[in-house]
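One file, model.pdb, carrying PDB, C-alpha atoms, pLDDT in the B column:
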ATOM      1  CA  MET A 274     115.785  93.678 100.988  1.00 86.00           C
ATOM      2  CA  ASN A 275     112.890  93.156 103.373  1.00 92.00           C
ATOM      3  CA  ASN A 276     109.191  92.869 102.511  1.00 90.00           C
ATOM      4  CA  LYS A 277     108.463  96.590 102.932  1.00 91.00           C
ATOM      5  CA  ASP A 278     111.342  97.594 100.639  1.00 93.00           C
ATOM      6  CA  PHE A 279     110.262  95.002  98.070  1.00 92.00           C
ATOM      7  CA  ILE A 280     106.662  96.260  98.053  1.00 93.00           C
ATOM      8  CA  ASN A 281     107.760  99.899  97.737  1.00 93.00           C
ATOM      9  CA  THR A 282     110.173  99.129  94.889  1.00 94.00           C
ATOM     10  CA  LEU A 283     107.585  97.072  93.041  1.00 93.00           C
ATOM     11  CA  ALA A 284     104.958  99.782  93.562  1.00 93.00           C
ATOM     12  CA  ALA A 285     107.288 102.396  92.073  1.00 94.00           C
ATOM     13  CA  ARG A 286     108.057 100.213  89.038  1.00 93.00           C
ATOM     14  CA  THR A 287     104.415  99.395  88.338  1.00 91.00           C
ATOM     15  CA  GLU A 288     103.171 102.909  89.157  1.00 92.00           C
ATOM     16  CA  ARG A 289     100.668 101.589  91.712  1.00 92.00           C
ATOM     17  CA  THR A 290     100.171 102.345  95.371  1.00 93.00           C
ATOM     18  CA  ALA A 291     101.932 100.306  98.005  1.00 92.00           C
ATOM     19  CA  LYS A 292      98.563  99.049  99.276  1.00 94.00           C
ATOM     20  CA  GLU A 293      97.571  97.752  95.820  1.00 94.00           C
ATOM     21  CA  THR A 294     100.982  96.156  95.361  1.00 94.00           C
ATOM     22  CA  GLN A 295     100.757  94.496  98.778  1.00 95.00           C
ATOM     23  CA  ALA A 296      97.353  93.031  97.864  1.00 95.00           C
ATOM     24  CA  LEU A 297      98.667  91.751  94.513  1.00 94.00           C
ATOM     25  CA  THR A 298     101.707  90.181  96.164  1.00 93.00           C
ATOM     26  CA  GLU A 299      99.581  88.459  98.805  1.00 94.00           C
ATOM     27  CA  SER A 300      97.254  87.232  96.063  1.00 94.00           C
ATOM     28  CA  LEU A 301     100.196  85.774  94.111  1.00 90.00           C
ATOM     29  CA  ILE A 302     101.530  83.968  97.177  1.00 89.00           C
ATOM     30  CA  ALA A 303      98.064  82.599  97.974  1.00 90.00           C
ATOM     31  CA  LEU A 304      97.725  81.343  94.395  1.00 86.00           C
ATOM     32  CA  ILE A 305     101.098  79.581  94.563  1.00 84.00           C
ATOM     33  CA  ALA A 306     100.091  77.981  97.879  1.00 83.00           C
ATOM     34  CA  GLU A 307      96.741  76.833  96.449  1.00 82.00           C
ATOM     35  CA  ASP A 308      98.208  75.365  93.280  1.00 79.00           C
ATOM     36  CA  THR A 309     100.972  73.493  95.058  1.00 79.00           C
ATOM     37  CA  SER A 310      98.711  72.227  97.856  1.00 75.00           C
ATOM     38  CA  ASP A 311      97.342  69.481  95.593  1.00 73.00           C
ATOM     39  CA  GLN A 312     100.920  68.340  94.844  1.00 73.00           C
ATOM     40  CA  CYS A 313     101.204  69.607  91.293  1.00 79.00           C
ATOM     41  CA  THR A 314     104.040  71.660  89.838  1.00 85.00           C
ATOM     42  CA  LEU A 315     103.626  75.374  89.162  1.00 86.00           C
ATOM     43  CA  ALA A 316     105.994  76.717  86.486  1.00 89.00           C
ATOM     44  CA  ILE A 317     106.484  80.434  85.860  1.00 89.00           C
ATOM     45  CA  GLN A 318     108.241  81.035  82.564  1.00 91.00           C
ATOM     46  CA  GLY A 319     111.519  82.919  82.979  1.00 90.00           C
ATOM     47  CA  PHE A 320     111.466  82.503  86.773  1.00 91.00           C
ATOM     48  CA  GLY A 321     111.312  78.845  87.753  1.00 93.00           C
ATOM     49  CA  SER A 322     109.069  76.105  89.043  1.00 91.00           C
ATOM     50  CA  PHE A 323     107.623  75.291  92.445  1.00 89.00           C
ATOM     51  CA  GLU A 324     106.838  71.716  93.349  1.00 88.00           C
ATOM     52  CA  VAL A 325     105.811  69.764  96.407  1.00 88.00           C
ATOM     53  CA  LYS A 326     107.985  66.797  97.292  1.00 88.00           C
ATOM     54  CA  LYS A 327     107.277  64.096  99.840  1.00 89.00           C
ATOM     55  CA  LYS A 328     110.071  63.288 102.260  1.00 92.00           C
ATOM     56  CA  MET A 329     109.870  59.704 103.437  1.00 95.00           C
ATOM     57  CA  GLU A 330     109.868  58.757 107.094  1.00 96.00           C
ATOM     58  CA  ARG A 331     113.281  58.179 108.602  1.00 95.00           C
ATOM     59  CA  ILE A 332     114.990  57.230 111.830  1.00 95.00           C
ATOM     60  CA  VAL A 333     117.330  59.723 113.483  1.00 95.00           C
ATOM     61  CA  VAL A 334     119.661  59.138 116.417  1.00 95.00           C
ATOM     62  CA  ASN A 335     120.416  61.653 119.143  1.00 93.00           C
ATOM     63  CA  PRO A 336     124.234  61.460 119.443  1.00 94.00           C
ATOM     64  CA  ALA A 337     124.249  62.465 123.125  1.00 94.00           C
ATOM     65  CA  THR A 338     121.703  59.944 124.407  1.00 94.00           C
ATOM     66  CA  LYS A 339     121.875  57.393 121.560  1.00 92.00           C
ATOM     67  CA  GLN A 340     118.077  57.499 121.527  1.00 95.00           C
ATOM     68  CA  ARG A 341     116.460  56.595 118.209  1.00 96.00           C
ATOM     69  CA  LYS A 342     113.463  58.561 116.996  1.00 95.00           C
ATOM     70  CA  LEU A 343     111.120  58.050 114.049  1.00 95.00           C
ATOM     71  CA  ILE A 344     110.474  61.191 111.996  1.00 94.00           C
ATOM     72  CA  PRO A 345     107.138  60.922 110.135  1.00 96.00           C
ATOM     73  CA  PRO A 346     106.836  61.639 106.408  1.00 95.00           C
ATOM     74  CA  LYS A 347     106.122  65.226 105.407  1.00 92.00           C
ATOM     75  CA  LEU A 348     105.610  67.449 102.388  1.00 89.00           C
ATOM     76  CA  VAL A 349     108.197  70.117 101.556  1.00 89.00           C
ATOM     77  CA  MET A 350     108.208  72.902  98.971  1.00 88.00           C
ATOM     78  CA  GLY A 351     110.944  72.856  96.361  1.00 90.00           C
ATOM     79  CA  PHE A 352     111.993  75.595  93.936  1.00 92.00           C
ATOM     80  CA  LYS A 353     114.011  75.105  90.767  1.00 93.00           C
ATOM     81  CA  PRO A 354     115.117  78.329  89.035  1.00 94.00           C
ATOM     82  CA  SER A 355     114.821  78.582  85.261  1.00 93.00           C
ATOM     83  CA  ALA A 356     117.856  78.753  82.996  1.00 92.00           C
ATOM     84  CA  VAL A 357     117.071  82.426  82.287  1.00 91.00           C
ATOM     85  CA  LEU A 358     117.130  83.288  86.012  1.00 91.00           C
ATOM     86  CA  LYS A 359     120.320  81.293  86.547  1.00 91.00           C
ATOM     87  CA  GLU A 360     121.997  83.200  83.711  1.00 91.00           C
ATOM     88  CA  LYS A 361     120.940  86.575  85.163  1.00 89.00           C
ATOM     89  CA  LEU A 362     122.413  85.667  88.527  1.00 87.00           C
ATOM     90  CA  LYS A 363     125.836  84.851  87.096  1.00 86.00           C
TER      91      LYS A 363
END

Here is the file; what I need is its structure written in the form of structure tokens.
Amino acid sequence: MNNKDFINTLAARTERTAKETQALTESLIALIAEDTSDQCTLAIQGFGSFEVKKKMERIVVNPATKQRKLIPPKLVMGFKPSAVLKEKLK
């Protein structure tokens, strides 16, 4: 399912227009990005939790040239589904 199909399906279920649904979806994504930008966990009951994790710096080696390279630390987004969502997917 692509974004357009998702928006249309959600609009039909909520009896709203596709434009309103698109705005609500973008607002939700912006809220998740804002809340996780300060490295706190955002938990949505029945769905799961989003959290920002810090990956430490590491050294990688190019196998062809044997050149070593330092990869700097970075922040990555993690998602852990809730038990309810896991059960529905089984």

Output the residue selection produced by the PyMOL selection byres ((chain A and resi 303-312) around 9) on the file above, formatted as a list in words.
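For this structure, the PyMOL selection byres ((chain A and resi 303-312) around 9) resolves to Thr298, Glu299, Ser300, Leu301, Ile302, Cys313, Thr314, Leu315, Phe323, Glu324, Val325, Lys326, Leu348 and Met350 of chain A.
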
Kindly export the residues of the current selection with C-alpha atoms, as a tab-separated table (two decimals), in the frame of the given file.
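selection15.tsv, freshly written:
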chain	number	residue	atom	x	y	z
A	298	THR	CA	101.71	90.18	96.16
A	299	GLU	CA	99.58	88.46	98.80
A	300	SER	CA	97.25	87.23	96.06
A	301	LEU	CA	100.20	85.77	94.11
A	302	ILE	CA	101.53	83.97	97.18
A	313	CYS	CA	101.20	69.61	91.29
A	314	THR	CA	104.04	71.66	89.84
A	315	LEU	CA	103.63	75.37	89.16
A	323	PHE	CA	107.62	75.29	92.44
A	324	GLU	CA	106.84	71.72	93.35
A	325	VAL	CA	105.81	69.76	96.41
A	326	LYS	CA	107.98	66.80	97.29
A	348	LEU	CA	105.61	67.45	102.39
A	350	MET	CA	108.21	72.90	98.97

Taking only C-alpha atoms into account, name the residue in A:Pro345, A:Ile317, A:Glu288, A:Pro354 that is nearest to Val333 in chain A.
A:Pro345

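Atom pair CA of Ala284 in chain A / CA of Val357 in chain A has a distance of 24.0 Å (rounded to one decimal).
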
With the file shown as input, list the residues that the PyMOL selection byres ((chain A and resi 274-280) around 10) selects, as a tab-separated table (two decimals) with C-alpha atoms, in the coordinates of the input.
chain	number	residue	atom	x	y	z
A	281	ASN	CA	107.76	99.90	97.74
A	282	THR	CA	110.17	99.13	94.89
A	283	LEU	CA	107.58	97.07	93.04
A	284	ALA	CA	104.96	99.78	93.56
A	285	ALA	CA	107.29	102.40	92.07
A	286	ARG	CA	108.06	100.21	89.04
A	290	THR	CA	100.17	102.34	95.37
A	291	ALA	CA	101.93	100.31	98.00
A	292	LYS	CA	98.56	99.05	99.28
A	293	GLU	CA	97.57	97.75	95.82
A	294	THR	CA	100.98	96.16	95.36
A	295	GLN	CA	100.76	94.50	98.78
A	296	ALA	CA	97.35	93.03	97.86
A	297	LEU	CA	98.67	91.75	94.51
A	298	THR	CA	101.71	90.18	96.16

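Using only C-alpha atoms, the smallest distance between any of A:Ala316, A:Lys363, A:Ser322, A:Lys327 and Lys347 in chain A comes from A:Lys327.
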
Rounded to one decimal place, report the CA of Ile332 in chain A-CA of Gly351 in chain A distance in Å.
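The value is 22.4 Å.
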
Distance in Å - CA of Lys359 in chain A versus CA of Arg289 in chain A
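Between CA of Lys359 in chain A and CA of Arg289 in chain A the gap is 28.7 Å.
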
Please expand the PyMOL selection byres ((chain A and resi 355) around 6) into the concrete residues it hits in this file, giving the result as a PyMOL selection string.
chain A and resi 319-321+354+356-358

Can I get range 297-309 of chain A with N, CA, C and O atoms filled in, as a PDB file, keeping the file's coordinate frame?
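Written file, selection_13.pdb:
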ATOM      1  N   LEU A 297      98.298  92.590  95.654  1.00 94.00           N
ATOM      2  CA  LEU A 297      98.667  91.751  94.513  1.00 94.00           C
ATOM      3  C   LEU A 297      99.707  90.703  94.914  1.00 94.00           C
ATOM      4  O   LEU A 297      99.627  89.545  94.493  1.00 94.00           O
ATOM      5  N   THR A 298     100.665  91.101  95.711  1.00 93.00           N
ATOM      6  CA  THR A 298     101.707  90.181  96.164  1.00 93.00           C
ATOM      7  C   THR A 298     101.109  89.076  97.034  1.00 93.00           C
ATOM      8  O   THR A 298     101.432  87.896  96.866  1.00 93.00           O
ATOM      9  N   GLU A 299     100.230  89.452  97.959  1.00 94.00           N
ATOM     10  CA  GLU A 299      99.581  88.459  98.805  1.00 94.00           C
ATOM     11  C   GLU A 299      98.718  87.515  97.978  1.00 94.00           C
ATOM     12  O   GLU A 299      98.658  86.309  98.246  1.00 94.00           O
ATOM     13  N   SER A 300      98.070  88.053  96.951  1.00 94.00           N
ATOM     14  CA  SER A 300      97.254  87.232  96.063  1.00 94.00           C
ATOM     15  C   SER A 300      98.121  86.224  95.301  1.00 94.00           C
ATOM     16  O   SER A 300      97.741  85.065  95.141  1.00 94.00           O
ATOM     17  N   LEU A 301      99.275  86.661  94.825  1.00 90.00           N
ATOM     18  CA  LEU A 301     100.196  85.774  94.111  1.00 90.00           C
ATOM     19  C   LEU A 301     100.681  84.653  95.017  1.00 90.00           C
ATOM     20  O   LEU A 301     100.700  83.477  94.621  1.00 90.00           O
ATOM     21  N   ILE A 302     101.043  84.973  96.241  1.00 89.00           N
ATOM     22  CA  ILE A 302     101.530  83.968  97.177  1.00 89.00           C
ATOM     23  C   ILE A 302     100.417  82.984  97.521  1.00 89.00           C
ATOM     24  O   ILE A 302     100.648  81.769  97.606  1.00 89.00           O
ATOM     25  N   ALA A 303      99.198  83.481  97.693  1.00 90.00           N
ATOM     26  CA  ALA A 303      98.064  82.599  97.974  1.00 90.00           C
ATOM     27  C   ALA A 303      97.802  81.656  96.801  1.00 90.00           C
ATOM     28  O   ALA A 303      97.501  80.477  96.995  1.00 90.00           O
ATOM     29  N   LEU A 304      97.920  82.168  95.584  1.00 86.00           N
ATOM     30  CA  LEU A 304      97.725  81.343  94.395  1.00 86.00           C
ATOM     31  C   LEU A 304      98.773  80.239  94.294  1.00 86.00           C
ATOM     32  O   LEU A 304      98.460  79.093  93.989  1.00 86.00           O
ATOM     33  N   ILE A 305     100.026  80.583  94.581  1.00 84.00           N
ATOM     34  CA  ILE A 305     101.098  79.581  94.563  1.00 84.00           C
ATOM     35  C   ILE A 305     100.818  78.516  95.621  1.00 84.00           C
ATOM     36  O   ILE A 305     100.959  77.317  95.364  1.00 84.00           O
ATOM     37  N   ALA A 306     100.390  78.942  96.811  1.00 83.00           N
ATOM     38  CA  ALA A 306     100.091  77.981  97.879  1.00 83.00           C
ATOM     39  C   ALA A 306      98.927  77.076  97.496  1.00 83.00           C
ATOM     40  O   ALA A 306      98.969  75.871  97.747  1.00 83.00           O
ATOM     41  N   GLU A 307      97.891  77.631  96.872  1.00 82.00           N
ATOM     42  CA  GLU A 307      96.741  76.833  96.449  1.00 82.00           C
ATOM     43  C   GLU A 307      97.127  75.808  95.387  1.00 82.00           C
ATOM     44  O   GLU A 307      96.744  74.642  95.468  1.00 82.00           O
ATOM     45  N   ASP A 308      97.864  76.253  94.389  1.00 79.00           N
ATOM     46  CA  ASP A 308      98.208  75.365  93.280  1.00 79.00           C
ATOM     47  C   ASP A 308      99.159  74.247  93.699  1.00 79.00           C
ATOM     48  O   ASP A 308      99.114  73.160  93.140  1.00 79.00           O
ATOM     49  N   THR A 309     100.027  74.523  94.641  1.00 79.00           N
ATOM     50  CA  THR A 309     100.972  73.493  95.058  1.00 79.00           C
ATOM     51  C   THR A 309     100.404  72.631  96.175  1.00 79.00           C
ATOM     52  O   THR A 309     100.979  71.599  96.485  1.00 79.00           O
TER      53      THR A 309
END
